Amino acid sequence: MDLETFIVTVYCEIDDFIQNHYPARRLRQRGPLPQLSDSEVITMEIVGEYLGLNTEKAIYQYFDRHWRSFFPNLPDRSNFVRQCANLWAVKRVLFERFQNPVGSAIQIVDSMPLEVCRFVRAKRARLFRGVAAYGKWFGQTIYGFKLHLKITQTGMIKGFDLTEANPSDIRVLPQLLEGSYSHWVLGDKGYRSKPLSAELLEQQNIVLHTPARIDEKAPDLIDHALHKQLTGIRRLIETINGQLEQHFHIKTIWARDLWHLISRIIRKILTHTYCVWLNLKLNRKPLHLKSLVC
């Protein structure tokens with residue numbers, strides 16, 4: 001589809017949902033309503049993120065320059081940025097709405113680092129002081145956060161969690177899998193834990209499969225063909241991580257506080273999820289995002 005059709009399609013989907021679930025006065029108990037509707041704001045965010053615009057400023061300037069006729073009530077930039085941040089909870093519910101219909105018997109988990117700054121500058125950094133933490137990533141010390149993801153076999157993001165950089169993946173996994181039952185969950189060696197595997201199997205009927213570590217004397221026995229197949233499926237999350245990093249610039253932290261950082265992350269994940277959902281609706285390959293708009 002062309003860009004104009006994409007903008008209209010996104011707006012119609014978002015506006016139908018918000019009109020049904022979030023009437024304006026339910027979100028705002030008092031004060032004047034904003035000139036730009038919430039549906040228009042979220043539409044601009046999703047389309048802007050898809051186009052690779054990494055900041056609210058870039059999104060605002062793009063639509064102000066090229067699509068004023070579509071958004072005639074565009075306010076000044078500071079009000080637009082504030083409205084974007086205030087809608088983070090609505091975007092979280094929208095994310096759940098678009099990923100809910102897509103189920104899978106296999107889910108994949110992984111994490112990625114979000115560095116506030118380079119390690120040599122961490123002691124002098126003022127941003128996120130008292131919130132960010134030191135952690136390890138492939139033997140390197142980082143300062144910042146970790147983004148934990150859960151996806152389906154089709155590439156649809158089903159859940160995510162933002163933590164400090166120091167908790168291990170094993171500690172975060174039960175929270176990430178909360179509400180999941182009767183699934184295979186695939187992870188890398190960082191999720192290898194026999195006690196956790198036994199707990200998930202007993203309480204949630206979840207089979208946690210991870211590669212065996214080299215130093216294990218008695219690794220789990222599994223058919224070689226099945227192991228190879230599961231390993232191939234698990235690598236799908238590396239594609240998702242690559243799209244979030246390279247196309248949506250999720251590792252670039254422009255926010256100056258946790259509230260705006262969470263809002264940015266939700267916007268990027270919502271955009272990815274919506275594009276996968278739209279591809280599935282159009283009977284396209286779900287992760288062919290770049291060719292969605294011609």
# chains A, B, ... in the order shown; residues from 1 in each chain; ligands from 1
call {"tool": "select_by_dssp", "arguments": {"residues": "segment 18-229 of chain A", "states": "helix (DSSP H, G or I)", "output": "PDB file with N, CA and C atoms, in the first residue's frame"}}
result
ATOM      1  N   ILE A  18     -10.308   3.409  20.197  1.00  0.00           N
ATOM      2  CA  ILE A  18     -10.376   4.443  21.236  1.00  0.00           C
ATOM      3  C   ILE A  18     -11.809   4.930  21.437  1.00  0.00           C
ATOM      4  N   GLN A  19     -12.559   5.073  20.366  1.00  0.00           N
ATOM      5  CA  GLN A  19     -13.947   5.509  20.508  1.00  0.00           C
ATOM      6  C   GLN A  19     -14.758   4.506  21.321  1.00  0.00           C
ATOM      7  N   ASN A  20     -14.457   3.227  21.167  1.00  0.00           N
ATOM      8  CA  ASN A  20     -15.207   2.190  21.876  1.00  0.00           C
ATOM      9  C   ASN A  20     -14.754   2.004  23.313  1.00  0.00           C
ATOM     10  N   HIS A  21     -13.462   2.229  23.591  1.00  0.00           N
ATOM     11  CA  HIS A  21     -12.919   1.885  24.906  1.00  0.00           C
ATOM     12  C   HIS A  21     -12.452   3.084  25.729  1.00  0.00           C
ATOM     13  N   ALA A  24     -13.321  10.426  25.416  1.00  0.00           N
ATOM     14  CA  ALA A  24     -12.411  11.509  25.838  1.00  0.00           C
ATOM     15  C   ALA A  24     -12.550  11.842  27.320  1.00  0.00           C
ATOM     16  N   ARG A  25     -13.761  11.864  27.819  1.00  0.00           N
ATOM     17  CA  ARG A  25     -13.954  12.256  29.218  1.00  0.00           C
ATOM     18  C   ARG A  25     -13.613  11.145  30.196  1.00  0.00           C
ATOM     19  N   ARG A  26     -13.427   9.937  29.702  1.00  0.00           N
ATOM     20  CA  ARG A  26     -12.955   8.870  30.585  1.00  0.00           C
ATOM     21  C   ARG A  26     -11.457   9.028  30.838  1.00  0.00           C
ATOM     22  N   LEU A  27     -10.731   9.534  29.843  1.00  0.00           N
ATOM     23  CA  LEU A  27      -9.298   9.757  30.013  1.00  0.00           C
ATOM     24  C   LEU A  27      -9.007  11.044  30.767  1.00  0.00           C
ATOM     25  N   ASP A  38      -6.678  11.982  20.466  1.00  0.00           N
ATOM     26  CA  ASP A  38      -5.734  10.934  20.871  1.00  0.00           C
ATOM     27  C   ASP A  38      -5.488   9.945  19.738  1.00  0.00           C
ATOM     28  N   SER A  39      -6.524   9.681  18.936  1.00  0.00           N
ATOM     29  CA  SER A  39      -6.363   8.782  17.790  1.00  0.00           C
ATOM     30  C   SER A  39      -5.367   9.346  16.794  1.00  0.00           C
ATOM     31  N   GLU A  40      -5.423  10.658  16.567  1.00  0.00           N
ATOM     32  CA  GLU A  40      -4.495  11.295  15.641  1.00  0.00           C
ATOM     33  C   GLU A  40      -3.070  11.239  16.172  1.00  0.00           C
ATOM     34  N   VAL A  41      -2.909  11.476  17.475  1.00  0.00           N
ATOM     35  CA  VAL A  41      -1.574  11.451  18.078  1.00  0.00           C
ATOM     36  C   VAL A  41      -0.944  10.070  17.930  1.00  0.00           C
ATOM     37  N   ILE A  42      -1.675   9.020  18.287  1.00  0.00           N
ATOM     38  CA  ILE A  42      -1.129   7.668  18.217  1.00  0.00           C
ATOM     39  C   ILE A  42      -0.879   7.265  16.766  1.00  0.00           C
ATOM     40  N   THR A  43      -1.740   7.701  15.859  1.00  0.00           N
ATOM     41  CA  THR A  43      -1.514   7.441  14.435  1.00  0.00           C
ATOM     42  C   THR A  43      -0.209   8.058  13.980  1.00  0.00           C
ATOM     43  N   MET A  44       0.031   9.313  14.357  1.00  0.00           N
ATOM     44  CA  MET A  44       1.276   9.980  13.990  1.00  0.00           C
ATOM     45  C   MET A  44       2.480   9.256  14.581  1.00  0.00           C
ATOM     46  N   GLU A  45       2.350   8.773  15.797  1.00  0.00           N
ATOM     47  CA  GLU A  45       3.461   8.062  16.430  1.00  0.00           C
ATOM     48  C   GLU A  45       3.772   6.758  15.698  1.00  0.00           C
ATOM     49  N   ILE A  46       2.739   5.976  15.380  1.00  0.00           N
ATOM     50  CA  ILE A  46       2.964   4.691  14.722  1.00  0.00           C
ATOM     51  C   ILE A  46       3.548   4.895  13.325  1.00  0.00           C
ATOM     52  N   VAL A  47       2.960   5.812  12.557  1.00  0.00           N
ATOM     53  CA  VAL A  47       3.458   6.057  11.207  1.00  0.00           C
ATOM     54  C   VAL A  47       4.875   6.626  11.268  1.00  0.00           C
ATOM     55  N   GLY A  48       5.120   7.547  12.196  1.00  0.00           N
ATOM     56  CA  GLY A  48       6.458   8.132  12.336  1.00  0.00           C
ATOM     57  C   GLY A  48       7.503   7.092  12.690  1.00  0.00           C
ATOM     58  N   GLU A  49       7.170   6.211  13.628  1.00  0.00           N
ATOM     59  CA  GLU A  49       8.112   5.154  13.998  1.00  0.00           C
ATOM     60  C   GLU A  49       8.365   4.218  12.823  1.00  0.00           C
ATOM     61  N   TYR A  50       7.312   3.891  12.088  1.00  0.00           N
ATOM     62  CA  TYR A  50       7.505   3.017  10.929  1.00  0.00           C
ATOM     63  C   TYR A  50       8.455   3.662   9.917  1.00  0.00           C
ATOM     64  N   GLU A  56      10.007  12.333  19.202  1.00  0.00           N
ATOM     65  CA  GLU A  56       8.748  13.052  19.057  1.00  0.00           C
ATOM     66  C   GLU A  56       8.947  14.323  18.238  1.00  0.00           C
ATOM     67  N   LYS A  57      10.099  14.955  18.411  1.00  0.00           N
ATOM     68  CA  LYS A  57      10.389  16.165  17.641  1.00  0.00           C
ATOM     69  C   LYS A  57      10.424  15.866  16.145  1.00  0.00           C
ATOM     70  N   ALA A  58      11.099  14.791  15.769  1.00  0.00           N
ATOM     71  CA  ALA A  58      11.188  14.427  14.352  1.00  0.00           C
ATOM     72  C   ALA A  58       9.814  14.062  13.793  1.00  0.00           C
ATOM     73  N   ILE A  59       9.003  13.345  14.581  1.00  0.00           N
ATOM     74  CA  ILE A  59       7.657  12.980  14.143  1.00  0.00           C
ATOM     75  C   ILE A  59       6.811  14.230  13.938  1.00  0.00           C
ATOM     76  N   TYR A  60       6.878  15.140  14.894  1.00  0.00           N
ATOM     77  CA  TYR A  60       6.093  16.384  14.806  1.00  0.00           C
ATOM     78  C   TYR A  60       6.497  17.195  13.578  1.00  0.00           C
ATOM     79  N   GLN A  61       7.785  17.375  13.378  1.00  0.00           N
ATOM     80  CA  GLN A  61       8.249  18.174  12.246  1.00  0.00           C
ATOM     81  C   GLN A  61       7.873  17.551  10.912  1.00  0.00           C
ATOM     82  N   TYR A  62       7.920  16.232  10.829  1.00  0.00           N
ATOM     83  CA  TYR A  62       7.572  15.550   9.577  1.00  0.00           C
ATOM     84  C   TYR A  62       6.102  15.788   9.220  1.00  0.00           C
ATOM     85  N   PHE A  63       5.204  15.576  10.181  1.00  0.00           N
ATOM     86  CA  PHE A  63       3.783  15.746   9.892  1.00  0.00           C
ATOM     87  C   PHE A  63       3.407  17.218   9.730  1.00  0.00           C
ATOM     88  N   ASP A  64       4.092  18.081  10.440  1.00  0.00           N
ATOM     89  CA  ASP A  64       3.851  19.515  10.276  1.00  0.00           C
ATOM     90  C   ASP A  64       4.239  19.970   8.873  1.00  0.00           C
ATOM     91  N   ARG A  65       5.284  19.380   8.333  1.00  0.00           N
ATOM     92  CA  ARG A  65       5.796  19.779   7.027  1.00  0.00           C
ATOM     93  C   ARG A  65       5.039  19.131   5.874  1.00  0.00           C
ATOM     94  N   HIS A  66       4.643  17.851   6.042  1.00  0.00           N
ATOM     95  CA  HIS A  66       4.127  17.102   4.901  1.00  0.00           C
ATOM     96  C   HIS A  66       2.638  16.737   4.994  1.00  0.00           C
ATOM     97  N   ARG A  77       4.704  22.041  19.454  1.00  0.00           N
ATOM     98  CA  ARG A  77       5.442  20.797  19.662  1.00  0.00           C
ATOM     99  C   ARG A  77       5.436  20.343  21.117  1.00  0.00           C
ATOM    100  N   SER A  78       5.545  21.250  22.062  1.00  0.00           N
ATOM    101  CA  SER A  78       5.599  20.846  23.475  1.00  0.00           C
ATOM    102  C   SER A  78       4.303  20.157  23.901  1.00  0.00           C
ATOM    103  N   ASN A  79       3.157  20.664  23.444  1.00  0.00           N
ATOM    104  CA  ASN A  79       1.883  20.020  23.786  1.00  0.00           C
ATOM    105  C   ASN A  79       1.761  18.654  23.121  1.00  0.00           C
ATOM    106  N   PHE A  80       2.275  18.548  21.900  1.00  0.00           N
ATOM    107  CA  PHE A  80       2.240  17.259  21.208  1.00  0.00           C
ATOM    108  C   PHE A  80       3.073  16.220  21.953  1.00  0.00           C
ATOM    109  N   VAL A  81       4.278  16.604  22.370  1.00  0.00           N
ATOM    110  CA  VAL A  81       5.159  15.685  23.088  1.00  0.00           C
ATOM    111  C   VAL A  81       4.518  15.265  24.411  1.00  0.00           C
ATOM    112  N   ARG A  82       3.912  16.218  25.099  1.00  0.00           N
ATOM    113  CA  ARG A  82       3.271  15.910  26.383  1.00  0.00           C
ATOM    114  C   ARG A  82       2.096  14.948  26.183  1.00  0.00           C
ATOM    115  N   GLN A  83       1.321  15.168  25.143  1.00  0.00           N
ATOM    116  CA  GLN A  83       0.177  14.292  24.874  1.00  0.00           C
ATOM    117  C   GLN A  83       0.645  12.889  24.506  1.00  0.00           C
ATOM    118  N   CYS A  84       1.739  12.782  23.763  1.00  0.00           N
ATOM    119  CA  CYS A  84       2.305  11.462  23.440  1.00  0.00           C
ATOM    120  C   CYS A  84       2.646  10.690  24.705  1.00  0.00           C
ATOM    121  N   ALA A  85       3.335  11.362  25.630  1.00  0.00           N
ATOM    122  CA  ALA A  85       3.773  10.694  26.861  1.00  0.00           C
ATOM    123  C   ALA A  85       2.586  10.319  27.739  1.00  0.00           C
ATOM    124  N   ASN A  86       1.556  11.174  27.769  1.00  0.00           N
ATOM    125  CA  ASN A  86       0.410  10.914  28.629  1.00  0.00           C
ATOM    126  C   ASN A  86      -0.424   9.721  28.165  1.00  0.00           C
ATOM    127  N   TRP A  88       0.687   6.754  27.261  1.00  0.00           N
ATOM    128  CA  TRP A  88       1.457   5.505  27.294  1.00  0.00           C
ATOM    129  C   TRP A  88       0.580   4.317  27.711  1.00  0.00           C
ATOM    130  N   ALA A  89      -0.348   4.533  28.666  1.00  0.00           N
ATOM    131  CA  ALA A  89      -1.186   3.420  29.128  1.00  0.00           C
ATOM    132  C   ALA A  89      -2.153   2.971  28.031  1.00  0.00           C
ATOM    133  N   VAL A  90      -2.671   3.916  27.246  1.00  0.00           N
ATOM    134  CA  VAL A  90      -3.556   3.566  26.138  1.00  0.00           C
ATOM    135  C   VAL A  90      -2.790   2.757  25.093  1.00  0.00           C
ATOM    136  N   LYS A  91      -1.551   3.155  24.821  1.00  0.00           N
ATOM    137  CA  LYS A  91      -0.735   2.433  23.845  1.00  0.00           C
ATOM    138  C   LYS A  91      -0.408   1.033  24.344  1.00  0.00           C
ATOM    139  N   ARG A  92      -0.256   0.875  25.641  1.00  0.00           N
ATOM    140  CA  ARG A  92      -0.014  -0.463  26.196  1.00  0.00           C
ATOM    141  C   ARG A  92      -1.233  -1.367  25.968  1.00  0.00           C
ATOM    142  N   VAL A  93      -2.427  -0.833  26.170  1.00  0.00           N
ATOM    143  CA  VAL A  93      -3.644  -1.619  25.932  1.00  0.00           C
ATOM    144  C   VAL A  93      -3.807  -1.910  24.447  1.00  0.00           C
ATOM    145  N   LEU A  94      -3.472  -0.955  23.591  1.00  0.00           N
ATOM    146  CA  LEU A  94      -3.522  -1.180  22.150  1.00  0.00           C
ATOM    147  C   LEU A  94      -2.574  -2.295  21.734  1.00  0.00           C
ATOM    148  N   PHE A  95      -1.386  -2.306  22.334  1.00  0.00           N
ATOM    149  CA  PHE A  95      -0.440  -3.384  22.068  1.00  0.00           C
ATOM    150  C   PHE A  95      -1.051  -4.736  22.396  1.00  0.00           C
ATOM    151  N   GLU A  96      -1.714  -4.841  23.526  1.00  0.00           N
ATOM    152  CA  GLU A  96      -2.342  -6.103  23.918  1.00  0.00           C
ATOM    153  C   GLU A  96      -3.495  -6.452  22.991  1.00  0.00           C
ATOM    154  N   ARG A  97      -4.183  -5.449  22.482  1.00  0.00           N
ATOM    155  CA  ARG A  97      -5.310  -5.693  21.576  1.00  0.00           C
ATOM    156  C   ARG A  97      -4.823  -6.283  20.260  1.00  0.00           C
ATOM    157  N   PHE A  98      -3.725  -5.772  19.720  1.00  0.00           N
ATOM    158  CA  PHE A  98      -3.258  -6.249  18.423  1.00  0.00           C
ATOM    159  C   PHE A  98      -2.557  -7.602  18.519  1.00  0.00           C
ATOM    160  N   GLN A  99      -1.991  -7.946  19.664  1.00  0.00           N
ATOM    161  CA  GLN A  99      -1.293  -9.221  19.741  1.00  0.00           C
ATOM    162  C   GLN A  99      -2.156 -10.343  20.318  1.00  0.00           C
ATOM    163  N   PHE A 119      30.258   2.860  29.638  1.00  0.00           N
ATOM    164  CA  PHE A 119      30.678   2.514  30.995  1.00  0.00           C
ATOM    165  C   PHE A 119      31.640   3.547  31.592  1.00  0.00           C
ATOM    166  N   VAL A 120      32.539   4.109  30.785  1.00  0.00           N
ATOM    167  CA  VAL A 120      33.545   5.054  31.313  1.00  0.00           C
ATOM    168  C   VAL A 120      32.896   6.344  31.787  1.00  0.00           C
ATOM    169  N   ARG A 121      31.690   6.647  31.323  1.00  0.00           N
ATOM    170  CA  ARG A 121      31.005   7.873  31.730  1.00  0.00           C
ATOM    171  C   ARG A 121      29.946   7.621  32.805  1.00  0.00           C
ATOM    172  N   ALA A 122      29.762   6.374  33.195  1.00  0.00           N
ATOM    173  CA  ALA A 122      28.642   6.021  34.067  1.00  0.00           C
ATOM    174  C   ALA A 122      28.703   6.719  35.419  1.00  0.00           C
ATOM    175  N   LYS A 123      29.886   6.847  36.010  1.00  0.00           N
ATOM    176  CA  LYS A 123      29.991   7.462  37.334  1.00  0.00           C
ATOM    177  C   LYS A 123      29.611   8.940  37.319  1.00  0.00           C
ATOM    178  N   ARG A 124      29.799   9.592  36.174  1.00  0.00           N
ATOM    179  CA  ARG A 124      29.483  11.025  36.075  1.00  0.00           C
ATOM    180  C   ARG A 124      28.086  11.275  35.519  1.00  0.00           C
ATOM    181  N   ASP A 169      18.415 -12.989  33.621  1.00  0.00           N
ATOM    182  CA  ASP A 169      17.246 -13.383  32.830  1.00  0.00           C
ATOM    183  C   ASP A 169      16.403 -14.411  33.566  1.00  0.00           C
ATOM    184  N   ILE A 170      17.049 -15.268  34.338  1.00  0.00           N
ATOM    185  CA  ILE A 170      16.319 -16.297  35.080  1.00  0.00           C
ATOM    186  C   ILE A 170      15.359 -15.677  36.090  1.00  0.00           C
ATOM    187  N   ARG A 171      15.789 -14.596  36.745  1.00  0.00           N
ATOM    188  CA  ARG A 171      14.941 -13.939  37.750  1.00  0.00           C
ATOM    189  C   ARG A 171      13.723 -13.276  37.120  1.00  0.00           C
ATOM    190  N   VAL A 172      13.881 -12.761  35.906  1.00  0.00           N
ATOM    191  CA  VAL A 172      12.801 -12.011  35.264  1.00  0.00           C
ATOM    192  C   VAL A 172      11.821 -12.932  34.548  1.00  0.00           C
ATOM    193  N   LEU A 173      12.257 -14.129  34.160  1.00  0.00           N
ATOM    194  CA  LEU A 173      11.437 -15.016  33.333  1.00  0.00           C
ATOM    195  C   LEU A 173      10.076 -15.347  33.944  1.00  0.00           C
ATOM    196  N   PRO A 174       9.953 -15.681  35.243  1.00  0.00           N
ATOM    197  CA  PRO A 174       8.613 -15.986  35.779  1.00  0.00           C
ATOM    198  C   PRO A 174       7.627 -14.835  35.601  1.00  0.00           C
ATOM    199  N   GLN A 175       8.100 -13.610  35.788  1.00  0.00           N
ATOM    200  CA  GLN A 175       7.229 -12.454  35.587  1.00  0.00           C
ATOM    201  C   GLN A 175       6.843 -12.299  34.125  1.00  0.00           C
ATOM    202  N   LEU A 176       7.783 -12.568  33.223  1.00  0.00           N
ATOM    203  CA  LEU A 176       7.523 -12.448  31.787  1.00  0.00           C
ATOM    204  C   LEU A 176       6.520 -13.500  31.315  1.00  0.00           C
ATOM    205  N   LYS A 189      21.169 -19.840  26.551  1.00  0.00           N
ATOM    206  CA  LYS A 189      21.795 -20.451  27.728  1.00  0.00           C
ATOM    207  C   LYS A 189      21.610 -19.630  28.990  1.00  0.00           C
ATOM    208  N   GLY A 190      21.316 -18.326  28.836  1.00  0.00           N
ATOM    209  CA  GLY A 190      21.096 -17.493  30.015  1.00  0.00           C
ATOM    210  C   GLY A 190      19.877 -17.883  30.818  1.00  0.00           C
ATOM    211  N   TYR A 191      18.979 -18.657  30.229  1.00  0.00           N
ATOM    212  CA  TYR A 191      17.764 -19.106  30.916  1.00  0.00           C
ATOM    213  C   TYR A 191      17.897 -20.538  31.441  1.00  0.00           C
ATOM    214  N   LYS A 194      17.659 -25.734  36.004  1.00  0.00           N
ATOM    215  CA  LYS A 194      16.834 -26.915  36.270  1.00  0.00           C
ATOM    216  C   LYS A 194      15.742 -26.634  37.309  1.00  0.00           C
ATOM    217  N   PRO A 195      16.042 -25.907  38.407  1.00  0.00           N
ATOM    218  CA  PRO A 195      14.954 -25.598  39.353  1.00  0.00           C
ATOM    219  C   PRO A 195      13.834 -24.786  38.715  1.00  0.00           C
ATOM    220  N   LEU A 196      14.188 -23.782  37.906  1.00  0.00           N
ATOM    221  CA  LEU A 196      13.156 -22.973  37.258  1.00  0.00           C
ATOM    222  C   LEU A 196      12.373 -23.795  36.246  1.00  0.00           C
ATOM    223  N   SER A 197      13.055 -24.657  35.495  1.00  0.00           N
ATOM    224  CA  SER A 197      12.361 -25.502  34.522  1.00  0.00           C
ATOM    225  C   SER A 197      11.350 -26.411  35.214  1.00  0.00           C
ATOM    226  N   ALA A 198      11.754 -26.992  36.336  1.00  0.00           N
ATOM    227  CA  ALA A 198      10.850 -27.872  37.077  1.00  0.00           C
ATOM    228  C   ALA A 198       9.657 -27.095  37.631  1.00  0.00           C
ATOM    229  N   GLU A 199       9.905 -25.881  38.115  1.00  0.00           N
ATOM    230  CA  GLU A 199       8.830 -25.054  38.672  1.00  0.00           C
ATOM    231  C   GLU A 199       7.820 -24.663  37.599  1.00  0.00           C
ATOM    232  N   LEU A 200       8.304 -24.254  36.422  1.00  0.00           N
ATOM    233  CA  LEU A 200       7.397 -23.862  35.342  1.00  0.00           C
ATOM    234  C   LEU A 200       6.576 -25.044  34.843  1.00  0.00           C
ATOM    235  N   LEU A 201       7.206 -26.199  34.777  1.00  0.00           N
ATOM    236  CA  LEU A 201       6.494 -27.387  34.314  1.00  0.00           C
ATOM    237  C   LEU A 201       5.408 -27.796  35.296  1.00  0.00           C
ATOM    238  N   GLU A 202       5.703 -27.695  36.580  1.00  0.00           N
ATOM    239  CA  GLU A 202       4.749 -28.117  37.601  1.00  0.00           C
ATOM    240  C   GLU A 202       3.595 -27.129  37.747  1.00  0.00           C
ATOM    241  N   GLN A 203       3.905 -25.836  37.760  1.00  0.00           N
ATOM    242  CA  GLN A 203       2.881 -24.834  38.064  1.00  0.00           C
ATOM    243  C   GLN A 203       2.118 -24.343  36.836  1.00  0.00           C
ATOM    244  N   GLN A 204       2.783 -24.279  35.664  1.00  0.00           N
ATOM    245  CA  GLN A 204       2.141 -23.692  34.487  1.00  0.00           C
ATOM    246  C   GLN A 204       2.145 -24.621  33.267  1.00  0.00           C
ATOM    247  N   HIS A 224      17.835 -35.316  18.347  1.00  0.00           N
ATOM    248  CA  HIS A 224      18.694 -34.361  17.635  1.00  0.00           C
ATOM    249  C   HIS A 224      17.903 -33.544  16.616  1.00  0.00           C
ATOM    250  N   ALA A 225      17.000 -34.185  15.901  1.00  0.00           N
ATOM    251  CA  ALA A 225      16.215 -33.474  14.884  1.00  0.00           C
ATOM    252  C   ALA A 225      15.316 -32.420  15.529  1.00  0.00           C
ATOM    253  N   LEU A 226      14.687 -32.779  16.667  1.00  0.00           N
ATOM    254  CA  LEU A 226      13.833 -31.826  17.377  1.00  0.00           C
ATOM    255  C   LEU A 226      14.657 -30.674  17.936  1.00  0.00           C
ATOM    256  N   HIS A 227      15.831 -31.010  18.490  1.00  0.00           N
ATOM    257  CA  HIS A 227      16.712 -29.960  19.022  1.00  0.00           C
ATOM    258  C   HIS A 227      17.106 -28.971  17.924  1.00  0.00           C
ATOM    259  N   LYS A 228      17.418 -29.482  16.762  1.00  0.00           N
ATOM    260  CA  LYS A 228      17.816 -28.622  15.639  1.00  0.00           C
ATOM    261  C   LYS A 228      16.652 -27.744  15.197  1.00  0.00           C
ATOM    262  N   GLN A 229      15.453 -28.317  15.189  1.00  0.00           N
ATOM    263  CA  GLN A 229      14.277 -27.562  14.794  1.00  0.00           C
ATOM    264  C   GLN A 229      13.988 -26.438  15.795  1.00  0.00           C
TER     265      GLN A 229
END
call {"tool": "atom_distance", "arguments": {"atom1": "atom CA of Ile142 of chain A", "atom2": "atom CA of Leu114 of chain A"}}
result
8.7 Å
call {"tool": "residues_around", "arguments": {"residues": "segment 246-254 of chain A", "least_positions_apart": "2", "cutoff": "7 Å", "atoms": "only C-alpha atoms", "output": "list of chain:residue names"}}
result
A:Glu49, A:Gly52, A:Asn54, A:Leu114, A:Val116, A:Gly242, A:Gln243, A:Leu244, A:Arg256, A:Ile265, A:Lys268
call {"tool": "select_by_dssp", "arguments": {"residues": "segment 117-258 of chain A", "states": "strand (DSSP E)", "output": "MDAnalysis selection string"}}
result
chainID A and resid 117 133:137 140:152 157:164 184:186 207:209
call {"tool": "residues_around", "arguments": {"residues": "segment 147-158 of chain A", "least_positions_apart": "3", "cutoff": "8 Å", "atoms": "only C-alpha atoms", "output": "number ranges by chain"}}
result
A: 96, 99-100, 102-114, 161-163, 169, 172, 176, 233, 236-237, 240, 269, 273, 276-277, 286-287
